[in-house]
>>> print(open('coords.cif').read())   # mmCIF, C-alpha atoms
data_final
loop_
_atom_site.group_PDB
_atom_site.id
_atom_site.type_symbol
_atom_site.label_atom_id
_atom_site.label_comp_id
_atom_site.auth_asym_id
_atom_site.auth_seq_id
_atom_site.Cartn_x
_atom_site.Cartn_y
_atom_site.Cartn_z
ATOM 1 C CA MET A 1 -8.587 0.089 0.008
ATOM 2 C CA GLY A 2 -6.974 1.158 -3.260
ATOM 3 C CA THR A 3 -9.260 2.562 -5.933
ATOM 4 C CA ALA A 4 -7.016 2.915 -8.973
ATOM 5 C CA THR A 5 -9.051 3.762 -12.047
ATOM 6 C CA GLY A 6 -8.902 5.755 -15.211
ATOM 7 C CA SER A 7 -10.923 8.881 -15.850
ATOM 8 C CA GLY A 8 -14.633 8.592 -16.579
ATOM 9 C CA ARG A 9 -15.310 6.003 -13.865
ATOM 10 C CA SER A 10 -16.353 8.384 -11.111
ATOM 11 C CA ASP A 11 -19.779 6.826 -10.569
ATOM 12 C CA GLU A 12 -18.265 3.340 -10.425
ATOM 13 C CA VAL A 13 -15.703 4.477 -7.863
ATOM 14 C CA LYS A 14 -18.355 6.134 -5.700
ATOM 15 C CA ALA A 15 -20.558 3.038 -5.804
ATOM 16 C CA ALA A 16 -17.600 0.813 -4.897
ATOM 17 C CA VAL A 17 -16.603 3.027 -1.965
ATOM 18 C CA VAL A 18 -20.157 3.062 -0.614
ATOM 19 C CA GLU A 19 -20.237 -0.758 -0.748
ATOM 20 C CA ALA A 20 -16.782 -0.945 0.850
ATOM 21 C CA ILE A 21 -17.929 1.241 3.752
ATOM 22 C CA LYS A 22 -20.899 -1.069 4.257
ATOM 23 C CA VAL A 23 -18.562 -4.077 4.361
ATOM 24 C CA GLY A 24 -16.328 -2.403 6.928
ATOM 25 C CA TYR A 25 -13.551 -0.567 5.064
ATOM 26 C CA ARG A 26 -12.468 2.654 6.749
ATOM 27 C CA HIS A 27 -9.274 3.687 4.935
ATOM 28 C CA PHE A 28 -8.972 4.595 1.251
ATOM 29 C CA ASP A 29 -5.892 5.332 -0.828
ATOM 30 C CA THR A 30 -6.418 8.436 -2.962
ATOM 31 C CA ALA A 31 -2.976 8.953 -4.457
ATOM 32 C CA ALA A 32 -2.991 11.551 -7.235
ATOM 33 C CA PHE A 33 -1.963 8.837 -9.701
ATOM 34 C CA TYR A 34 -5.353 7.151 -9.278
ATOM 35 C CA GLY A 35 -7.391 10.279 -10.021
ATOM 36 C CA THR A 36 -10.121 9.172 -7.592
ATOM 37 C CA GLU A 37 -9.901 11.649 -4.717
ATOM 38 C CA LYS A 38 -13.029 13.591 -5.668
ATOM 39 C CA ALA A 39 -15.145 10.472 -6.208
ATOM 40 C CA VAL A 40 -13.973 8.888 -2.943
ATOM 41 C CA GLY A 41 -14.679 12.099 -1.059
ATOM 42 C CA GLU A 42 -18.178 12.363 -2.505
ATOM 43 C CA ALA A 43 -18.918 8.756 -1.585
ATOM 44 C CA ILE A 44 -17.774 9.287 2.007
ATOM 45 C CA VAL A 45 -19.882 12.457 2.277
ATOM 46 C CA PHE A 46 -22.882 10.586 0.886
ATOM 47 C CA LYS A 47 -22.502 7.603 3.204
ATOM 48 C CA SER A 48 -21.484 9.400 6.390
ATOM 49 C CA GLY A 49 -23.419 12.616 6.136
ATOM 50 C CA PHE A 50 -20.263 14.592 6.868
ATOM 51 C CA SER A 51 -19.841 17.971 5.215
ATOM 52 C CA GLU A 52 -17.179 18.237 2.550
ATOM 53 C CA ILE A 53 -13.676 19.110 3.717
ATOM 54 C CA SER A 54 -11.321 20.886 1.360
ATOM 55 C CA ARG A 55 -7.661 19.946 1.409
ATOM 56 C CA ARG A 56 -4.729 22.018 0.298
ATOM 57 C CA GLU A 57 -2.184 19.648 -1.158
ATOM 58 C CA GLU A 58 1.543 20.139 -1.170
ATOM 59 C CA SER A 59 3.507 17.501 -3.040
ATOM 60 C CA PRO A 60 6.712 16.676 -1.155
ATOM 61 C CA GLU A 61 9.898 16.183 -3.128
ATOM 62 C CA PHE A 62 13.277 14.715 -2.377
ATOM 63 C CA GLY A 63 16.455 16.617 -1.620
ATOM 64 C CA THR A 64 16.711 20.128 -0.223
ATOM 65 C CA ARG A 65 13.200 21.188 -1.186
ATOM 66 C CA PHE A 66 11.723 18.072 0.389
ATOM 67 C CA GLY A 67 13.661 18.651 3.581
ATOM 68 C CA LYS A 68 12.415 22.226 3.706
ATOM 69 C CA GLN A 69 8.816 21.129 3.357
ATOM 70 C CA TRP A 70 9.250 18.417 5.962
ATOM 71 C CA ARG A 71 10.514 21.044 8.402
ATOM 72 C CA SER A 72 7.099 22.742 8.131
ATOM 73 C CA GLN A 73 6.149 20.400 10.962
ATOM 74 C CA ASN A 74 8.065 22.751 13.248
ATOM 75 C CA LEU A 75 5.236 25.242 12.755
ATOM 76 C CA GLY A 76 2.831 22.811 14.357
ATOM 77 C CA LEU A 77 0.874 22.354 11.131
ATOM 78 C CA THR A 78 1.654 18.665 10.767
ATOM 79 C CA LYS A 79 0.949 15.947 13.300
ATOM 80 C CA SER A 80 1.927 12.863 11.295
ATOM 81 C CA ILE A 81 3.460 12.255 7.884
ATOM 82 C CA GLY A 82 3.466 9.237 5.612
ATOM 83 C CA VAL A 83 5.876 8.491 2.783
ATOM 84 C CA SER A 84 5.853 6.128 -0.166
ATOM 85 C CA ASN A 85 8.585 4.104 -1.870
ATOM 86 C CA PHE A 86 11.193 5.179 0.683
ATOM 87 C CA THR A 87 14.272 3.038 1.191
ATOM 88 C CA SER A 88 15.836 2.590 4.621
ATOM 89 C CA GLN A 89 18.509 5.100 3.633
ATOM 90 C CA LYS A 90 15.980 7.772 2.692
ATOM 91 C CA ILE A 91 14.095 7.264 5.941
ATOM 92 C CA GLN A 92 17.338 7.598 7.902
ATOM 93 C CA GLU A 93 17.991 10.931 6.172
ATOM 94 C CA ILE A 94 14.617 12.209 7.356
ATOM 95 C CA VAL A 95 14.988 10.867 10.884
ATOM 96 C CA SER A 96 18.333 12.670 11.177
ATOM 97 C CA PHE A 97 16.581 16.058 11.292
ATOM 98 C CA ALA A 98 12.844 15.504 11.682
ATOM 99 C CA LYS A 99 11.179 16.097 15.034
ATOM 100 C CA ILE A 100 8.265 14.016 13.812
ATOM 101 C CA PRO A 101 9.503 10.926 11.939
ATOM 102 C CA PRO A 102 7.316 9.323 9.262
ATOM 103 C CA VAL A 103 4.616 7.101 10.707
ATOM 104 C CA VAL A 104 3.997 5.021 7.596
ATOM 105 C CA ASN A 105 5.909 3.959 4.490
ATOM 106 C CA GLN A 106 3.882 2.620 1.565
ATOM 107 C CA VAL A 107 5.779 0.251 -0.735
ATOM 108 C CA GLU A 108 5.164 -2.666 -3.051
ATOM 109 C CA MET A 109 4.880 -5.817 -0.948
ATOM 110 C CA ASN A 110 3.358 -9.259 -1.416
ATOM 111 C CA PRO A 111 4.491 -12.894 -1.057
ATOM 112 C CA LEU A 112 6.437 -12.532 -4.300
ATOM 113 C CA TRP A 113 8.197 -9.345 -3.114
ATOM 114 C CA GLN A 114 8.466 -9.728 0.632
ATOM 115 C CA GLN A 115 10.516 -6.676 1.684
ATOM 116 C CA LYS A 116 11.886 -8.497 4.723
ATOM 117 C CA GLN A 117 14.793 -6.137 5.480
ATOM 118 C CA LEU A 118 12.761 -2.973 4.969
ATOM 119 C CA ASN A 119 9.952 -4.330 7.131
ATOM 120 C CA GLU A 120 12.373 -5.069 9.972
ATOM 121 C CA PHE A 121 13.951 -1.622 9.654
ATOM 122 C CA CYS A 122 10.555 0.077 9.783
ATOM 123 C CA LYS A 123 9.497 -1.947 12.811
ATOM 124 C CA GLU A 124 12.706 -0.998 14.635
ATOM 125 C CA ASN A 125 11.926 2.654 13.932
ATOM 126 C CA HIS A 126 8.224 2.415 14.809
ATOM 127 C CA ILE A 127 7.121 3.021 11.220
ATOM 128 C CA LEU A 128 4.170 1.088 9.829
ATOM 129 C CA LEU A 129 4.797 -0.495 6.461
ATOM 130 C CA THR A 130 1.812 -0.408 4.118
ATOM 131 C CA ALA A 131 1.754 -2.789 1.163
ATOM 132 C CA TYR A 132 0.463 -1.689 -2.191
ATOM 133 C CA SER A 133 -0.003 -4.235 -5.002
ATOM 134 C CA PRO A 134 -0.620 -6.984 -2.394
ATOM 135 C CA LEU A 135 -2.062 -9.106 -5.200
ATOM 136 C CA ALA A 136 0.419 -7.845 -7.852
ATOM 137 C CA SER A 137 -2.227 -5.407 -9.116
ATOM 138 C CA ALA A 138 -4.068 -8.179 -10.933
ATOM 139 C CA GLY A 139 -6.665 -6.660 -13.249
ATOM 140 C CA ASN A 140 -4.761 -3.409 -13.790
ATOM 141 C CA SER A 141 -2.912 -2.593 -17.002
ATOM 142 C CA TRP A 142 0.425 -2.487 -15.141
ATOM 143 C CA GLY A 143 -0.202 -5.581 -13.031
ATOM 144 C CA ASN A 144 -0.295 -9.314 -13.607
ATOM 145 C CA ASN A 145 -1.540 -12.569 -12.085
ATOM 146 C CA SER A 146 1.787 -13.583 -10.557
ATOM 147 C CA VAL A 147 0.364 -13.691 -7.014
ATOM 148 C CA ILE A 148 -3.040 -15.141 -7.872
ATOM 149 C CA GLY A 149 -1.382 -17.696 -10.148
ATOM 150 C CA CYS A 150 1.414 -18.647 -7.746
ATOM 151 C CA ASP A 151 1.432 -22.446 -7.331
ATOM 152 C CA VAL A 152 2.608 -22.288 -3.707
ATOM 153 C CA LEU A 153 -0.171 -19.881 -2.719
ATOM 154 C CA GLN A 154 -2.766 -21.852 -4.680
ATOM 155 C CA ASP A 155 -1.788 -25.106 -2.957
ATOM 156 C CA ILE A 156 -2.022 -23.485 0.483
ATOM 157 C CA ALA A 157 -5.375 -21.947 -0.429
ATOM 158 C CA LYS A 158 -6.808 -25.307 -1.506
ATOM 159 C CA SER A 159 -5.606 -27.010 1.665
ATOM 160 C CA ARG A 160 -7.119 -24.274 3.850
ATOM 161 C CA GLY A 161 -10.368 -23.760 1.958
ATOM 162 C CA LYS A 162 -9.457 -20.146 1.240
ATOM 163 C CA THR A 163 -8.851 -18.070 -1.865
ATOM 164 C CA THR A 164 -5.330 -17.333 -3.061
ATOM 165 C CA ALA A 165 -5.981 -13.639 -2.411
ATOM 166 C CA GLN A 166 -6.922 -14.398 1.197
ATOM 167 C CA ILE A 167 -3.697 -16.361 1.694
ATOM 168 C CA SER A 168 -1.670 -13.420 0.390
ATOM 169 C CA LEU A 169 -3.500 -10.860 2.523
ATOM 170 C CA ARG A 170 -3.337 -13.039 5.630
ATOM 171 C CA TRP A 171 0.423 -13.429 5.079
ATOM 172 C CA LEU A 172 0.790 -9.650 4.937
ATOM 173 C CA TYR A 173 -1.283 -9.255 8.087
ATOM 174 C CA GLU A 174 0.943 -11.730 9.910
ATOM 175 C CA GLN A 175 3.992 -9.683 8.863
ATOM 176 C CA GLY A 176 2.615 -6.821 10.926
ATOM 177 C CA VAL A 177 1.906 -4.539 7.977
ATOM 178 C CA SER A 178 -1.216 -2.897 6.600
ATOM 179 C CA PHE A 179 -2.169 -3.231 2.964
ATOM 180 C CA VAL A 180 -4.110 -1.531 0.189
ATOM 181 C CA VAL A 181 -6.419 -3.678 -1.924
ATOM 182 C CA LYS A 182 -8.608 -2.706 -4.865
ATOM 183 C CA SER A 183 -11.933 -4.256 -5.775
ATOM 184 C CA PHE A 184 -15.231 -3.192 -7.295
ATOM 185 C CA ASN A 185 -16.786 -6.556 -6.455
ATOM 186 C CA LYS A 186 -18.723 -6.719 -3.183
ATOM 187 C CA GLU A 187 -18.124 -10.462 -2.724
ATOM 188 C CA ARG A 188 -14.358 -10.022 -3.088
ATOM 189 C CA MET A 189 -14.465 -7.024 -0.735
ATOM 190 C CA MET A 190 -15.992 -9.299 1.891
ATOM 191 C CA GLN A 191 -13.408 -12.008 1.212
ATOM 192 C CA ASN A 192 -10.610 -9.450 1.613
ATOM 193 C CA VAL A 193 -11.666 -8.678 5.177
ATOM 194 C CA ASP A 194 -12.448 -12.297 6.077
ATOM 195 C CA ILE A 195 -8.867 -13.042 7.123
ATOM 196 C CA PHE A 196 -8.804 -12.326 10.848
ATOM 197 C CA ASP A 197 -10.263 -15.431 12.506
ATOM 198 C CA TRP A 198 -7.719 -17.946 11.191
ATOM 199 C CA ALA A 199 -3.938 -18.138 10.794
ATOM 200 C CA LEU A 200 -1.324 -19.626 8.530
ATOM 201 C CA THR A 201 0.596 -22.583 9.890
ATOM 202 C CA GLN A 202 4.344 -22.549 10.319
ATOM 203 C CA GLU A 203 4.550 -24.952 7.382
ATOM 204 C CA ASP A 204 2.560 -22.470 5.278
ATOM 205 C CA LEU A 205 4.897 -19.652 6.295
ATOM 206 C CA ASN A 206 7.970 -21.713 5.483
ATOM 207 C CA LYS A 207 6.652 -22.457 2.006
ATOM 208 C CA ILE A 208 5.862 -18.799 1.366
ATOM 209 C CA SER A 209 9.303 -17.700 2.581
ATOM 210 C CA GLN A 210 10.888 -19.837 -0.150
ATOM 211 C CA ILE A 211 8.935 -18.304 -3.045
ATOM 212 C CA PRO A 212 11.349 -16.767 -5.614
ATOM 213 C CA GLN A 213 11.243 -12.982 -5.326
ATOM 214 C CA ARG A 214 10.117 -10.768 -8.167
ATOM 215 C CA LYS A 215 9.600 -6.998 -8.133
ATOM 216 C CA LEU A 216 6.588 -5.792 -10.107
ATOM 217 C CA VAL A 217 6.447 -2.010 -9.894
ATOM 218 C CA TYR A 218 9.274 0.240 -11.096
ATOM 219 C CA LEU A 219 8.891 3.990 -10.678
ATOM 220 C CA LEU A 220 10.773 4.802 -13.857
ATOM 221 C CA GLY A 221 8.328 4.614 -16.728
ATOM 222 C CA PHE A 222 5.379 4.036 -14.396
ATOM 223 C CA VAL A 223 4.437 6.963 -12.163
ATOM 224 C CA VAL A 224 7.356 9.280 -12.820
ATOM 225 C CA ARG A 225 6.954 11.557 -15.805
ATOM 226 C CA GLU A 226 10.534 12.775 -15.785
ATOM 227 C CA PRO A 227 13.146 10.114 -14.899
ATOM 228 C CA ASN A 228 15.776 11.256 -12.410
ATOM 229 C CA ASP A 229 18.597 9.895 -10.277
ATOM 230 C CA ILE A 230 16.417 9.620 -7.170
ATOM 231 C CA THR A 231 13.820 7.355 -8.771
ATOM 232 C CA ALA A 232 16.548 5.264 -10.383
ATOM 233 C CA GLU A 233 18.138 4.817 -6.938
ATOM 234 C CA ILE A 234 14.811 3.804 -5.394
ATOM 235 C CA ASP A 235 14.155 1.267 -8.150
ATOM 236 C CA SER A 236 17.548 -0.297 -7.601
ATOM 237 C CA LYS A 237 17.271 -0.565 -3.802
ATOM 238 C CA LEU A 238 13.609 -0.915 -2.868
#
>>> encode(input="coords.cif", output="structure tokens")
Amino acid sequence: MGTATGSGRSDEVKAAVVEAIKVGYRHFDTAAFYGTEKAVGEAIVFKSGFSEISRREESPEFGTRFGKQWRSQNLGLTKSIGVSNFTSQKIQEIVSFAKIPPVVNQVEMNPLWQQKQLNEFCKENHILLTAYSPLASAGNSWGNNSVIGCDVLQDIAKSRGKTTAQISLRWLYEQGVSFVVKSFNKERMMQNVDIFDWALTQEDLNKISQIPQRKLVYLLGFVVREPNDITAEIDSKL
């Protein structure tokens, strides 16, 4: 579950996480960009009764410094590592020297940006692809309603008695990927997990495969404070 918010919404985040745990959510995305790690942690402590666990963060970077940090796994301090916005080429660079390859790669993915080649590459290398913006980040300042308002997805949803969001999430599930969704609404949280006892038809899948592709998230000007060649390369290839 993604919990992207601005500052000053800590109580709202905690309440949403508590409700999500009740519904059945067990994984939460706390990327630094969201600014929600503390609130999510407090909610989990409150709901589970676990004691707080401190975490020392080290932000990995690309290039030589990134490679050096990745090699810290040789000390036995790291059991599994996830990456985000990595192209096939960047993953291959890591695999060339890493004893422990990345286990997950989080990228933008939805029916309007299907990432077919990257998904196949990750499957071949036993890396789980995780989709962020599975609904095009509708409701966020950087997102839009391109998925929710997609005519193809709406038509399938009407014919199946489902919501457009459920069609999108079920499509992702059938691609063999995990996904990160954001909601503060308990009813929508329940709808988001009500996708496992039905399937899309081959006709549905064929229609979705023909949707014109459109990338939503670009790192330059979005999450990167200082533009550089690496982020420009990722934007052009991912």
>>> resolve_selection(input="coords.cif", expression="the PyMOL selection byres ((chain A and resi 192) around 9)", output="list in words")
Ala165, Gln166, Leu169, Val181, Glu187, Arg188, Met189, Met190, Gln191, Val193, Asp194 and Ile195 of chain A
>>> resolve_selection(input="coords.cif", expression="the PyMOL selection byres ((chain A and resi 111-127) around 6)", output="number ranges by chain")
A: 103-104, 109-110, 128, 213-215
>>> residues_near_point(input="coords.cif", point="(-19.9, 1.5, -7.8)", cutoff="12 Å", atoms="all atoms listed in the file", output="list of chain:residue names")
A:Thr3, A:Thr5, A:Arg9, A:Ser10, A:Asp11, A:Glu12, A:Val13, A:Lys14, A:Ala15, A:Ala16, A:Val17, A:Val18, A:Glu19, A:Ala20, A:Ile21, A:Ala39, A:Val40, A:Ala43, A:Ser183, A:Phe184, A:Asn185, A:Lys186
>>> atom_distance(input="coords.cif", atom1="atom CA of A:Gly82", atom2="atom CA of A:Pro102")
5.3 Å
>>> resolve_selection(input="coords.cif", expression="the PyMOL selection byres ((chain A and resi 208) around 10)", output="VMD selection string")
chain A and resid 111 to 112 114 152 to 153 156 167 to 168 171 202 to 207 209 to 212
>>> atom_distance(input="coords.cif", atom1="atom CA of A:Gly35", atom2="atom CA of A:Val147")
25.4 Å
>>> closest_residue(input="coords.cif", among="A:Ala131, A:Glu37, A:Leu216, A:Ile44", to="A:Tyr25", atoms="all atoms listed in the file")
A:Ile44
>>> atom_distance(input="coords.cif", atom1="atom CA of A:Ile148", atom2="atom CA of A:Pro134")
10.1 Å
